[in-house]
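Reading through the structure tokens given below for one structure.
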Amino acid sequence: MVIKGNLYRVLLILIFCLLFSLEAADLLLPNFFHSIKMTSYLTIAIYIVAIFTLFLLTKEFDYKADELHKSQQKMKNIFDTLDVAIWSHDLKTDTLLITPGIEKLYGFKLEAFYENTDLWKEVIYPEDLYVLEERAKKIAMGENVTSQYRIVRPDGEVRWIQDSGIPTFDSKGEFVDFSSVLFDITDRKESEGLYQSLVEMSPDIIAVVYDGKIEYINEAGCKLIGAENQEQLIGQSAKNFVAPQITDLIKNKVFSPNKAENERYNFEFQVRRINGESIDVEMAARSILYVGRFAIQVVGRDITQRKKSEQTIKFMAYFDSLTGLPNRNQFRNHLNEVLHQQKNNMHAVIFLDLDRFKIINDTKGHSVGDIILQRVADRLETAVQNDGLVSRQGGDEFIIVLEDVDKENASLVAKRILNEFSNPIEVNNEEFYVTPSIGISIYPTDGSDEETLIKNADTAMYQAKERGKNNYQFYSNNLYGISTWKMKLENWLRRAMEQNQMTLHYQPQIDLNSGKIVGVEALIRWYHPEYGYIAPSEFIPLAEETGLIVPLGKWILREACEQRKAWKDAGFSDFPIAVNVSVRQFQDEQIIPFISDLLEEVGLETNYLELEITESLMQNLENSTIILNQLKSLGVLLSVDDFGTGYSSLSYLKHLPIDKIKIDKSFVDDIIYHSNQGMMVKTIIDMGVNLKFTVIAEGIETEEQVKFLTENACQIGQGHYYSKPLSADKLEKFLNEDKDHTPS
Ligand code: C2E
Ligand code: MG
Ligand code: MG
């Protein structure tokens with residue numbers, strides 16, 4: 001349309017020009033035109049065309065003015081909606097033009113700005129007034145300048161304004177015009193501010209890396225790396241702090257052509273701090289547009305503590321915290337792995353228990369016990385070397401798996417272990433002789449699964465203990481026979497009491513200073529008509545296991561009390577009779593009334609009965625305290641048998657109504673046989689006396705032991721040195737002959 005309209009106009013002008021030139025020619029060459037009689041027609045045509053052209057031109061002007069108005073209106077509308085104001089000052093004519101948009105920005109009427117041309121300055125937020133100085137300087141130099149400042153509107157609202165000033169100078173260098181475009185940028189500023197404070201204040205590390213260099217890092221990031229401020233890090237290569245493989249990996253992932261929009265990737269890696277230490281971090285990375293370029297944004301945190309805790313938990317799950325050795329869990333996993341190998345090799349399981357460790361722990365305290373266990377762990381590892389895995393099962397029990405070994409190699413390792421323990425362990429300038437008892441089971445001969453192998457190594461370890469400790473024993477198939485033997489024994493035991501096969505023997509207890517008899521211990525004897533003598537150590541555990549100890553124990557108590565009553569009646573009045581009572585007997589709720597009724601029935605004063613309990617009763621301290629207090633309130637005496645082999649500690653005992661402790665024979669043996677020369681006995685006596693217990697030494701066989709014991713203030717002794725356990729008749733004779741038993 002426009003092209004067509006223009007064409008018409010050009011055509012008309014051309015026609016007009018043609019006619020006009022013809023008219024001019026008519027003036028110059030009238031004869032020629034007159035001759036063809038065209039003059040008047042030409043003039044008329046010229047006028048018509050001129051009028052028409054003028055008409056068209058007027059129309060065109062009207063149209064242009066209308067268009068201009070419309071576009072101005074359109075612009076005005078746009079400016080009005082845009083939160084924009086334009087300030088234009090023609091300095092030559094001093095004409096100021098301000099668009100009405102300023103009202104929306106500043107909250108003042110347009111006229112107010114015309115009336116006071118400094119109003120825009122006066123409403124600037126005081127803290128931002130500083131921008132004006134620099135702005136004025138730049139404008140004076142003819143530079144365009146964009147400033148951002150806050151204004152306070154009449155209603156008190158604070159808005160952010162972006163003000164772009166454009167000065168114009170003429171060719172003479174005179175300042176002729178100044179325009180300024182003003183925007184309300186409050187929303188952007190607020191979200192920017194919010195974002196910035198979130199980033200700055202974030203406890204997480206936030207950083208932007210472009211082209212391998214740190215472009216931005218927040219305060220948390222600085223702290224993490226150990227920098228004092230951001231300037232110290234900005235511009236530095238990320239590779240200064242993170243391994244190049246990691247930075248490359250992140251870059252490749254984040255800029256991978258296959259990645260989805262806004263996809264972020266999580267990484268865990270180590271950051272090297274400025275001071276050289278390494279910390280663990282977890283980071284999410286993604287690409288962002290930063291200052292117009294695609295950069296990597298990372299957000300993450302320090303997880304060193306979490307990693308450490310994870311490691312500790314893992315360690316605790318699989319390692320023994322005291323010795324650092326693999327624990328039961330790891331041992332079982334390892335053993336299973338070894339057993340599931342598709343090889344037909346032999347393996348060995350070594351079960352190891354420390355002899356007399358408990359007593360060291362109880363007398364010297366757990367801290368010494370702990371150090372000893374750590375040293376034991378070291379020694380075991382030295383002995384086993386790379387032949388197997390040493391684990392601690394708990395307490396003083398260790399299990400070792402030897403992979404691909406036959407019996408011969410296993411016994412070599414066992415010997416190496418025993419050899420490692422030939423020297424004492426020194427703790428706080430004190431020497432401790434700790435020896436192991438070792439039981440060994442071999443895969444596949446002694447079992448094909450973990451349970452059986454451990455159980456059989458354990459059984460073999462007990463054999464080693466029975467054979468005098470500090471030695472090793474292989475599990476033997478003969479032990480299979482045990483169960484048949486046990487069944488036979490159980491049957492015999494059930495009938496033994498009815499058939500009067502049981503008797504009590506009595507072993508005197510001697511005052512080590514005066515040599516006088518101060519007590520007797522009743523010990524059961526079983527003579528089986530076919531089998532012969534069966535030792536208490538063989539049938540008492542079975543009686544306990546089967547519960548037969550309850551009726552048997554009652555019989556023993558009655559027998560002992562009656563015997564004691566008889567001796568009392570015979571004139572032997574000044575010592576108690578000690579009766580061994582198993583833990584199992586205390587599970588019978590009737591035990592206390594039974595004892596009380598029995599003493600009454602027999603007519604024996606309660607202080608004539610002494611009950612020997614074992615430390616295993618103390619395992620349940622709460623329960624044993626109740627029982628022992630009840631017994632004590634009956635008036636009977638209480639002693640702890642085999643002290644040092646069980647679970648109690650002297651410190652527990654002091655809270656219990658105990659009268660005596662009996663030092664186990666194994667410690668008394670140490671006086672002469674062991675290189676520590678009775679150190680344990682001495683310690684027990686010292687502590688026992690301190691806690692006001694009477695201390696009895698069991699199993700005295702030599703004069704040397706008696707000497708040692710008396711020198712170390714042990715009060716009472718019992719053992720073959722004085723007398724073996726005797727039948728009632730024989731003991732009566734012994735009583736009659738009661739003489740000075742002090743060593744000559
Ligand atoms: P125990 O109560 O510690 O008894 C001491 C054991 O050491 C007794 O063994 C005794 O004969 C033995 N003995 C004493 N002096 C010496 C010595 O100088 N050298 C040696 N080599 N041994 C000595 P026995 O009678 O075989 O009893 C073993 C264990 O059986 C007892 O240890 C006790 O725990 C248990 N027992 C014995 N009789 C009874 C009983 O009537 N009831 C209960 N519940 N257990 C009993
Ligand atoms: Mg005893
Ligand atoms: Mg004993």
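By order in the structure tokens, chains are A, B, ...; within a chain, residues start at 1; ligands start at 1, following the order shown.
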Do you have, as a Markdown table, the list of residues of chain A lying at most 7 Å from ligand 1, each with its nearest atom pair and that distance in Å to one decimal, counting only C-alpha atoms and all ligand atoms and ordered by chain then number?
```
| residue | atom | partner | partner_atom_place_in_ligand_line | distance |
| --- | --- | --- | --- | --- |
| A:Ala522 | CA | ligand 1 | 41 (O) | 6.1 |
| A:Leu523 | CA | ligand 1 | 38 (N) | 3.6 |
| A:Ile524 | CA | ligand 1 | 38 (N) | 4.1 |
| A:Ala535 | CA | ligand 1 | 26 (O) | 5.5 |
| A:Pro536 | CA | ligand 1 | 30 (O) | 4.5 |
| A:Ser537 | CA | ligand 1 | 30 (O) | 4.8 |
| A:Ile540 | CA | ligand 1 | 45 (N) | 6.0 |
| A:Gly553 | CA | ligand 1 | 42 (N) | 6.3 |
| A:Ile556 | CA | ligand 1 | 41 (O) | 5.8 |
| A:Val579 | CA | ligand 1 | 41 (O) | 6.2 |
| A:Asn580 | CA | ligand 1 | 42 (N) | 4.4 |
| A:Val581 | CA | ligand 1 | 44 (N) | 4.4 |
| A:Ser582 | CA | ligand 1 | 44 (N) | 4.6 |
| A:Asp641 | CA | ligand 1 | 3 (O) | 6.1 |
| A:Asp642 | CA | ligand 1 | 3 (O) | 5.6 |
| A:Asp664 | CA | ligand 1 | 3 (O) | 7.0 |
| A:Glu698 | CA | ligand 1 | 15 (N) | 6.0 |
| A:Gly699 | CA | ligand 1 | 18 (O) | 3.5 |
| A:Ile700 | CA | ligand 1 | 18 (O) | 4.6 |
| A:Glu701 | CA | ligand 1 | 18 (O) | 4.6 |
| A:Gln718 | CA | ligand 1 | 15 (N) | 5.9 |
| A:Gly719 | CA | ligand 1 | 15 (N) | 3.4 |
| A:His720 | CA | ligand 1 | 18 (O) | 3.6 |
| A:Tyr721 | CA | ligand 1 | 18 (O) | 6.0 |
| A:Lys724 | CA | ligand 1 | 15 (N) | 6.1 |
| A:Pro725 | CA | ligand 1 | 11 (O) | 5.8 |
```
Selection file, N, CA and C atoms, as a compact mmCIF listing (two decimals), in the first residue's frame:
```txt
# COMPACT_ATOMS: atom_id res chain seq x y z
N ALA A 522 33.99 -79.43 103.50
CA ALA A 522 33.37 -80.70 103.09
C ALA A 522 33.51 -80.84 101.59
N LEU A 523 34.03 -81.98 101.13
CA LEU A 523 34.21 -82.22 99.70
C LEU A 523 33.57 -83.56 99.36
N ILE A 524 32.78 -83.53 98.33
CA ILE A 524 32.03 -84.76 98.02
C ILE A 524 32.94 -85.80 97.37
N ALA A 535 35.86 -88.17 90.06
CA ALA A 535 36.24 -86.88 90.67
C ALA A 535 35.11 -85.86 90.60
N PRO A 536 34.99 -85.01 91.66
CA PRO A 536 33.95 -83.97 91.64
C PRO A 536 34.03 -83.08 90.39
N SER A 537 35.27 -82.81 89.96
CA SER A 537 35.40 -81.92 88.78
C SER A 537 34.74 -82.53 87.55
N ILE A 540 30.39 -82.82 89.12
CA ILE A 540 29.69 -81.61 89.61
C ILE A 540 29.18 -80.74 88.45
N GLY A 553 22.92 -81.14 96.33
CA GLY A 553 23.40 -80.07 97.21
C GLY A 553 22.70 -80.09 98.56
N ILE A 556 24.17 -82.84 100.55
CA ILE A 556 25.51 -82.47 101.04
C ILE A 556 25.39 -81.56 102.27
N VAL A 579 30.88 -75.60 103.22
CA VAL A 579 30.22 -76.44 102.23
C VAL A 579 30.20 -75.69 100.90
N ASN A 580 30.60 -76.40 99.85
CA ASN A 580 30.57 -75.77 98.52
C ASN A 580 29.13 -75.71 98.00
N VAL A 581 28.72 -74.54 97.55
CA VAL A 581 27.36 -74.39 97.00
C VAL A 581 27.47 -73.85 95.57
N SER A 582 26.85 -74.55 94.63
CA SER A 582 26.90 -74.12 93.23
C SER A 582 25.89 -73.00 92.97
N ASP A 641 35.08 -68.91 96.87
CA ASP A 641 36.00 -69.99 96.52
C ASP A 641 36.73 -69.67 95.22
N ASP A 642 37.87 -70.29 95.04
CA ASP A 642 38.65 -70.17 93.79
C ASP A 642 38.83 -68.72 93.37
N ASP A 664 42.75 -69.19 94.78
CA ASP A 664 42.76 -70.43 94.01
C ASP A 664 44.15 -71.07 93.99
N GLU A 698 44.46 -71.92 99.12
CA GLU A 698 44.09 -73.32 98.84
C GLU A 698 45.23 -74.06 98.19
N GLY A 699 45.22 -75.36 98.35
CA GLY A 699 46.17 -76.22 97.60
C GLY A 699 47.62 -76.03 98.00
N ILE A 700 47.85 -75.78 99.28
CA ILE A 700 49.24 -75.63 99.73
C ILE A 700 49.90 -77.01 99.76
N GLU A 701 51.01 -77.13 99.09
CA GLU A 701 51.67 -78.43 99.05
C GLU A 701 53.08 -78.41 99.63
N GLN A 718 45.10 -74.26 103.40
CA GLN A 718 44.43 -75.55 103.23
C GLN A 718 45.17 -76.26 102.12
N GLY A 719 45.43 -77.55 102.30
CA GLY A 719 46.12 -78.25 101.23
C GLY A 719 46.76 -79.53 101.71
N HIS A 720 47.27 -80.25 100.72
CA HIS A 720 47.88 -81.54 101.04
C HIS A 720 49.04 -81.41 102.00
N TYR A 721 49.68 -80.25 102.03
CA TYR A 721 50.79 -80.05 102.96
C TYR A 721 50.33 -80.34 104.39
N LYS A 724 45.22 -84.20 103.23
CA LYS A 724 44.31 -84.40 102.10
C LYS A 724 42.91 -84.38 102.66
N PRO A 725 41.86 -84.29 101.84
CA PRO A 725 40.51 -84.43 102.39
C PRO A 725 40.39 -85.82 103.03
```
Which of range 355-548 of chain A counts as strand (DSSP E or B) under DSSP, as a PDB file with N, CA and C atoms, in the first residue's frame please?
```
ATOM      1  N   ASP A 355      45.552 -67.321  80.573  1.00  0.00           N
ATOM      2  CA  ASP A 355      45.455 -67.920  81.903  1.00  0.00           C
ATOM      3  C   ASP A 355      45.577 -66.810  82.939  1.00  0.00           C
ATOM      4  N   GLY A 388      47.832 -65.733  59.137  1.00  0.00           N
ATOM      5  CA  GLY A 388      46.406 -65.802  59.453  1.00  0.00           C
ATOM      6  C   GLY A 388      45.873 -64.500  59.996  1.00  0.00           C
ATOM      7  N   LEU A 389      44.615 -64.556  60.400  1.00  0.00           N
ATOM      8  CA  LEU A 389      43.946 -63.366  60.917  1.00  0.00           C
ATOM      9  C   LEU A 389      43.710 -63.537  62.416  1.00  0.00           C
ATOM     10  N   VAL A 390      44.215 -62.571  63.182  1.00  0.00           N
ATOM     11  CA  VAL A 390      44.039 -62.621  64.637  1.00  0.00           C
ATOM     12  C   VAL A 390      42.837 -61.748  64.985  1.00  0.00           C
ATOM     13  N   SER A 391      41.908 -62.270  65.794  1.00  0.00           N
ATOM     14  CA  SER A 391      40.751 -61.462  66.193  1.00  0.00           C
ATOM     15  C   SER A 391      40.560 -61.565  67.692  1.00  0.00           C
ATOM     16  N   ARG A 392      39.920 -60.508  68.241  1.00  0.00           N
ATOM     17  CA  ARG A 392      39.585 -60.592  69.662  1.00  0.00           C
ATOM     18  C   ARG A 392      38.086 -60.822  69.752  1.00  0.00           C
ATOM     19  N   GLN A 393      37.738 -61.840  70.526  1.00  0.00           N
ATOM     20  CA  GLN A 393      36.330 -62.196  70.644  1.00  0.00           C
ATOM     21  C   GLN A 393      35.662 -61.439  71.776  1.00  0.00           C
ATOM     22  N   GLY A 394      36.461 -60.920  72.674  1.00  0.00           N
ATOM     23  CA  GLY A 394      35.929 -60.283  73.868  1.00  0.00           C
ATOM     24  C   GLY A 394      36.692 -60.813  75.054  1.00  0.00           C
ATOM     25  N   GLU A 397      39.667 -63.575  75.321  1.00  0.00           N
ATOM     26  CA  GLU A 397      39.603 -64.633  74.311  1.00  0.00           C
ATOM     27  C   GLU A 397      39.944 -64.102  72.921  1.00  0.00           C
ATOM     28  N   PHE A 398      40.801 -64.844  72.246  1.00  0.00           N
ATOM     29  CA  PHE A 398      41.214 -64.471  70.895  1.00  0.00           C
ATOM     30  C   PHE A 398      41.019 -65.671  69.983  1.00  0.00           C
ATOM     31  N   ILE A 399      40.628 -65.409  68.745  1.00  0.00           N
ATOM     32  CA  ILE A 399      40.557 -66.519  67.788  1.00  0.00           C
ATOM     33  C   ILE A 399      41.386 -66.152  66.561  1.00  0.00           C
ATOM     34  N   ILE A 400      42.106 -67.140  66.091  1.00  0.00           N
ATOM     35  CA  ILE A 400      42.979 -66.927  64.933  1.00  0.00           C
ATOM     36  C   ILE A 400      42.566 -67.903  63.835  1.00  0.00           C
ATOM     37  N   VAL A 401      42.479 -67.410  62.618  1.00  0.00           N
ATOM     38  CA  VAL A 401      42.220 -68.311  61.492  1.00  0.00           C
ATOM     39  C   VAL A 401      43.519 -68.424  60.717  1.00  0.00           C
ATOM     40  N   LEU A 402      43.953 -69.633  60.517  1.00  0.00           N
ATOM     41  CA  LEU A 402      45.142 -69.841  59.691  1.00  0.00           C
ATOM     42  C   LEU A 402      44.681 -70.456  58.381  1.00  0.00           C
ATOM     43  N   ILE A 425      55.015 -59.391  80.552  1.00  0.00           N
ATOM     44  CA  ILE A 425      54.573 -58.126  79.956  1.00  0.00           C
ATOM     45  C   ILE A 425      54.798 -57.057  81.020  1.00  0.00           C
ATOM     46  N   GLU A 426      55.485 -55.998  80.627  1.00  0.00           N
ATOM     47  CA  GLU A 426      55.794 -54.979  81.631  1.00  0.00           C
ATOM     48  C   GLU A 426      54.810 -53.821  81.503  1.00  0.00           C
ATOM     49  N   VAL A 427      54.170 -53.523  82.608  1.00  0.00           N
ATOM     50  CA  VAL A 427      53.270 -52.366  82.630  1.00  0.00           C
ATOM     51  C   VAL A 427      53.598 -51.579  83.891  1.00  0.00           C
ATOM     52  N   GLU A 430      56.048 -52.920  86.258  1.00  0.00           N
ATOM     53  CA  GLU A 430      55.695 -54.166  86.930  1.00  0.00           C
ATOM     54  C   GLU A 430      55.610 -55.257  85.872  1.00  0.00           C
ATOM     55  N   GLU A 431      56.050 -56.452  86.235  1.00  0.00           N
ATOM     56  CA  GLU A 431      56.044 -57.531  85.244  1.00  0.00           C
ATOM     57  C   GLU A 431      54.853 -58.447  85.454  1.00  0.00           C
ATOM     58  N   PHE A 432      54.197 -58.775  84.374  1.00  0.00           N
ATOM     59  CA  PHE A 432      53.039 -59.675  84.458  1.00  0.00           C
ATOM     60  C   PHE A 432      53.303 -60.886  83.570  1.00  0.00           C
ATOM     61  N   THR A 435      50.062 -66.132  80.284  1.00  0.00           N
ATOM     62  CA  THR A 435      50.282 -67.253  79.374  1.00  0.00           C
ATOM     63  C   THR A 435      48.962 -67.621  78.718  1.00  0.00           C
ATOM     64  N   PRO A 436      49.036 -68.175  77.505  1.00  0.00           N
ATOM     65  CA  PRO A 436      47.796 -68.562  76.850  1.00  0.00           C
ATOM     66  C   PRO A 436      47.553 -70.074  76.895  1.00  0.00           C
ATOM     67  N   SER A 437      46.279 -70.431  76.905  1.00  0.00           N
ATOM     68  CA  SER A 437      45.923 -71.830  76.664  1.00  0.00           C
ATOM     69  C   SER A 437      45.297 -71.851  75.283  1.00  0.00           C
ATOM     70  N   ILE A 438      45.790 -72.780  74.458  1.00  0.00           N
ATOM     71  CA  ILE A 438      45.424 -72.746  73.038  1.00  0.00           C
ATOM     72  C   ILE A 438      44.741 -74.043  72.611  1.00  0.00           C
ATOM     73  N   GLY A 439      43.588 -73.905  71.938  1.00  0.00           N
ATOM     74  CA  GLY A 439      42.916 -75.074  71.372  1.00  0.00           C
ATOM     75  C   GLY A 439      42.835 -74.896  69.868  1.00  0.00           C
ATOM     76  N   ILE A 440      43.070 -75.982  69.135  1.00  0.00           N
ATOM     77  CA  ILE A 440      43.091 -75.857  67.670  1.00  0.00           C
ATOM     78  C   ILE A 440      42.136 -76.863  67.030  1.00  0.00           C
ATOM     79  N   SER A 441      41.344 -76.388  66.075  1.00  0.00           N
ATOM     80  CA  SER A 441      40.548 -77.317  65.276  1.00  0.00           C
ATOM     81  C   SER A 441      40.948 -77.124  63.822  1.00  0.00           C
ATOM     82  N   ILE A 442      40.882 -78.242  63.082  1.00  0.00           N
ATOM     83  CA  ILE A 442      41.339 -78.214  61.686  1.00  0.00           C
ATOM     84  C   ILE A 442      40.155 -78.454  60.750  1.00  0.00           C
ATOM     85  N   TYR A 443      40.087 -77.593  59.712  1.00  0.00           N
ATOM     86  CA  TYR A 443      39.091 -77.778  58.652  1.00  0.00           C
ATOM     87  C   TYR A 443      39.708 -78.675  57.592  1.00  0.00           C
ATOM     88  N   TYR A 472      49.240 -75.977  74.047  1.00  0.00           N
ATOM     89  CA  TYR A 472      48.202 -76.039  73.008  1.00  0.00           C
ATOM     90  C   TYR A 472      47.742 -77.470  72.810  1.00  0.00           C
ATOM     91  N   GLN A 473      46.497 -77.610  72.418  1.00  0.00           N
ATOM     92  CA  GLN A 473      45.909 -78.924  72.191  1.00  0.00           C
ATOM     93  C   GLN A 473      45.109 -78.889  70.901  1.00  0.00           C
ATOM     94  N   PHE A 474      45.240 -79.976  70.137  1.00  0.00           N
ATOM     95  CA  PHE A 474      44.383 -80.104  68.956  1.00  0.00           C
ATOM     96  C   PHE A 474      43.078 -80.745  69.384  1.00  0.00           C
ATOM     97  N   MET A 502      27.539 -91.813  97.541  1.00  0.00           N
ATOM     98  CA  MET A 502      28.200 -90.535  97.838  1.00  0.00           C
ATOM     99  C   MET A 502      28.582 -90.448  99.312  1.00  0.00           C
ATOM    100  N   THR A 503      29.731 -89.889  99.557  1.00  0.00           N
ATOM    101  CA  THR A 503      30.139 -89.596 100.944  1.00  0.00           C
ATOM    102  C   THR A 503      30.763 -88.212 100.959  1.00  0.00           C
ATOM    103  N   LEU A 504      30.977 -87.707 102.155  1.00  0.00           N
ATOM    104  CA  LEU A 504      31.692 -86.438 102.238  1.00  0.00           C
ATOM    105  C   LEU A 504      33.040 -86.677 102.894  1.00  0.00           C
ATOM    106  N   HIS A 505      34.028 -86.020 102.334  1.00  0.00           N
ATOM    107  CA  HIS A 505      35.335 -85.992 102.974  1.00  0.00           C
ATOM    108  C   HIS A 505      35.563 -84.586 103.476  1.00  0.00           C
ATOM    109  N   TYR A 506      36.516 -84.480 104.397  1.00  0.00           N
ATOM    110  CA  TYR A 506      36.698 -83.178 105.026  1.00  0.00           C
ATOM    111  C   TYR A 506      38.166 -82.809 105.004  1.00  0.00           C
ATOM    112  N   GLN A 507      38.427 -81.617 104.569  1.00  0.00           N
ATOM    113  CA  GLN A 507      39.827 -81.179 104.549  1.00  0.00           C
ATOM    114  C   GLN A 507      40.005 -80.043 105.558  1.00  0.00           C
ATOM    115  N   PRO A 508      40.963 -80.229 106.454  1.00  0.00           N
ATOM    116  CA  PRO A 508      41.143 -79.193 107.488  1.00  0.00           C
ATOM    117  C   PRO A 508      41.716 -77.904 106.922  1.00  0.00           C
ATOM    118  N   GLN A 509      41.368 -76.817 107.594  1.00  0.00           N
ATOM    119  CA  GLN A 509      41.919 -75.509 107.250  1.00  0.00           C
ATOM    120  C   GLN A 509      42.705 -75.046 108.476  1.00  0.00           C
ATOM    121  N   ILE A 510      43.934 -74.615 108.249  1.00  0.00           N
ATOM    122  CA  ILE A 510      44.861 -74.366 109.350  1.00  0.00           C
ATOM    123  C   ILE A 510      45.192 -72.883 109.487  1.00  0.00           C
ATOM    124  N   ASP A 511      45.212 -72.419 110.723  1.00  0.00           N
ATOM    125  CA  ASP A 511      45.665 -71.041 110.969  1.00  0.00           C
ATOM    126  C   ASP A 511      47.171 -71.034 110.747  1.00  0.00           C
ATOM    127  N   ILE A 517      43.700 -75.976 113.814  1.00  0.00           N
ATOM    128  CA  ILE A 517      42.593 -76.148 112.865  1.00  0.00           C
ATOM    129  C   ILE A 517      41.546 -75.065 113.121  1.00  0.00           C
ATOM    130  N   VAL A 518      41.228 -74.331 112.065  1.00  0.00           N
ATOM    131  CA  VAL A 518      40.228 -73.264 112.237  1.00  0.00           C
ATOM    132  C   VAL A 518      39.003 -73.501 111.360  1.00  0.00           C
ATOM    133  N   GLY A 519      39.001 -74.632 110.640  1.00  0.00           N
ATOM    134  CA  GLY A 519      37.840 -74.924 109.812  1.00  0.00           C
ATOM    135  C   GLY A 519      38.053 -76.229 109.072  1.00  0.00           C
ATOM    136  N   VAL A 520      36.951 -76.729 108.490  1.00  0.00           N
ATOM    137  CA  VAL A 520      37.081 -77.892 107.597  1.00  0.00           C
ATOM    138  C   VAL A 520      36.208 -77.625 106.379  1.00  0.00           C
ATOM    139  N   GLU A 521      36.672 -78.136 105.238  1.00  0.00           N
ATOM    140  CA  GLU A 521      35.850 -78.000 104.045  1.00  0.00           C
ATOM    141  C   GLU A 521      35.299 -79.376 103.692  1.00  0.00           C
ATOM    142  N   ALA A 522      33.993 -79.434 103.495  1.00  0.00           N
ATOM    143  CA  ALA A 522      33.369 -80.697 103.094  1.00  0.00           C
ATOM    144  C   ALA A 522      33.508 -80.844 101.593  1.00  0.00           C
ATOM    145  N   LEU A 523      34.032 -81.985 101.126  1.00  0.00           N
ATOM    146  CA  LEU A 523      34.206 -82.215  99.696  1.00  0.00           C
ATOM    147  C   LEU A 523      33.572 -83.559  99.360  1.00  0.00           C
ATOM    148  N   ILE A 524      32.775 -83.533  98.331  1.00  0.00           N
ATOM    149  CA  ILE A 524      32.030 -84.760  98.020  1.00  0.00           C
ATOM    150  C   ILE A 524      32.937 -85.803  97.368  1.00  0.00           C
ATOM    151  N   ARG A 525      32.653 -87.042  97.690  1.00  0.00           N
ATOM    152  CA  ARG A 525      33.369 -88.154  97.060  1.00  0.00           C
ATOM    153  C   ARG A 525      32.338 -89.133  96.538  1.00  0.00           C
ATOM    154  N   TRP A 526      32.623 -89.667  95.330  1.00  0.00           N
ATOM    155  CA  TRP A 526      31.686 -90.607  94.710  1.00  0.00           C
ATOM    156  C   TRP A 526      32.473 -91.849  94.323  1.00  0.00           C
ATOM    157  N   TYR A 527      32.059 -92.901  94.870  1.00  0.00           N
ATOM    158  CA  TYR A 527      32.693 -94.157  94.504  1.00  0.00           C
ATOM    159  C   TYR A 527      31.662 -95.002  93.780  1.00  0.00           C
ATOM    160  N   HIS A 528      31.889 -95.189  92.466  1.00  0.00           N
ATOM    161  CA  HIS A 528      30.929 -95.950  91.673  1.00  0.00           C
ATOM    162  C   HIS A 528      31.315 -97.427  91.719  1.00  0.00           C
ATOM    163  N   GLY A 532      34.458 -97.057  89.808  1.00  0.00           N
ATOM    164  CA  GLY A 532      35.425 -96.641  90.828  1.00  0.00           C
ATOM    165  C   GLY A 532      35.245 -95.168  91.193  1.00  0.00           C
ATOM    166  N   TYR A 533      36.334 -94.551  91.598  1.00  0.00           N
ATOM    167  CA  TYR A 533      36.252 -93.163  92.057  1.00  0.00           C
ATOM    168  C   TYR A 533      36.025 -92.198  90.887  1.00  0.00           C
ATOM    169  N   ILE A 534      35.030 -91.365  91.037  1.00  0.00           N
ATOM    170  CA  ILE A 534      34.781 -90.336  90.003  1.00  0.00           C
ATOM    171  C   ILE A 534      34.988 -88.973  90.669  1.00  0.00           C
TER     172      ILE A 534
END
```
For this session: May I ask which of the residues A:Thr710, A:Val640, A:Lys733, A:Ala238 is the closest one to ligand 2, counting only C-alpha atoms and all ligand atoms?
Result: A:Val640
Problem set entry | Residues of range 162-298 of chain A in helix (DSSP H, G or I), written as a VMD selection string | chain A and resid 186 to 201 219 to 225 230 to 232 238 to 240 244 to 254
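One distance worth recording is that between CA of Ala260 in chain A and CA of Val298 in chain A, which is 17.2 Å.
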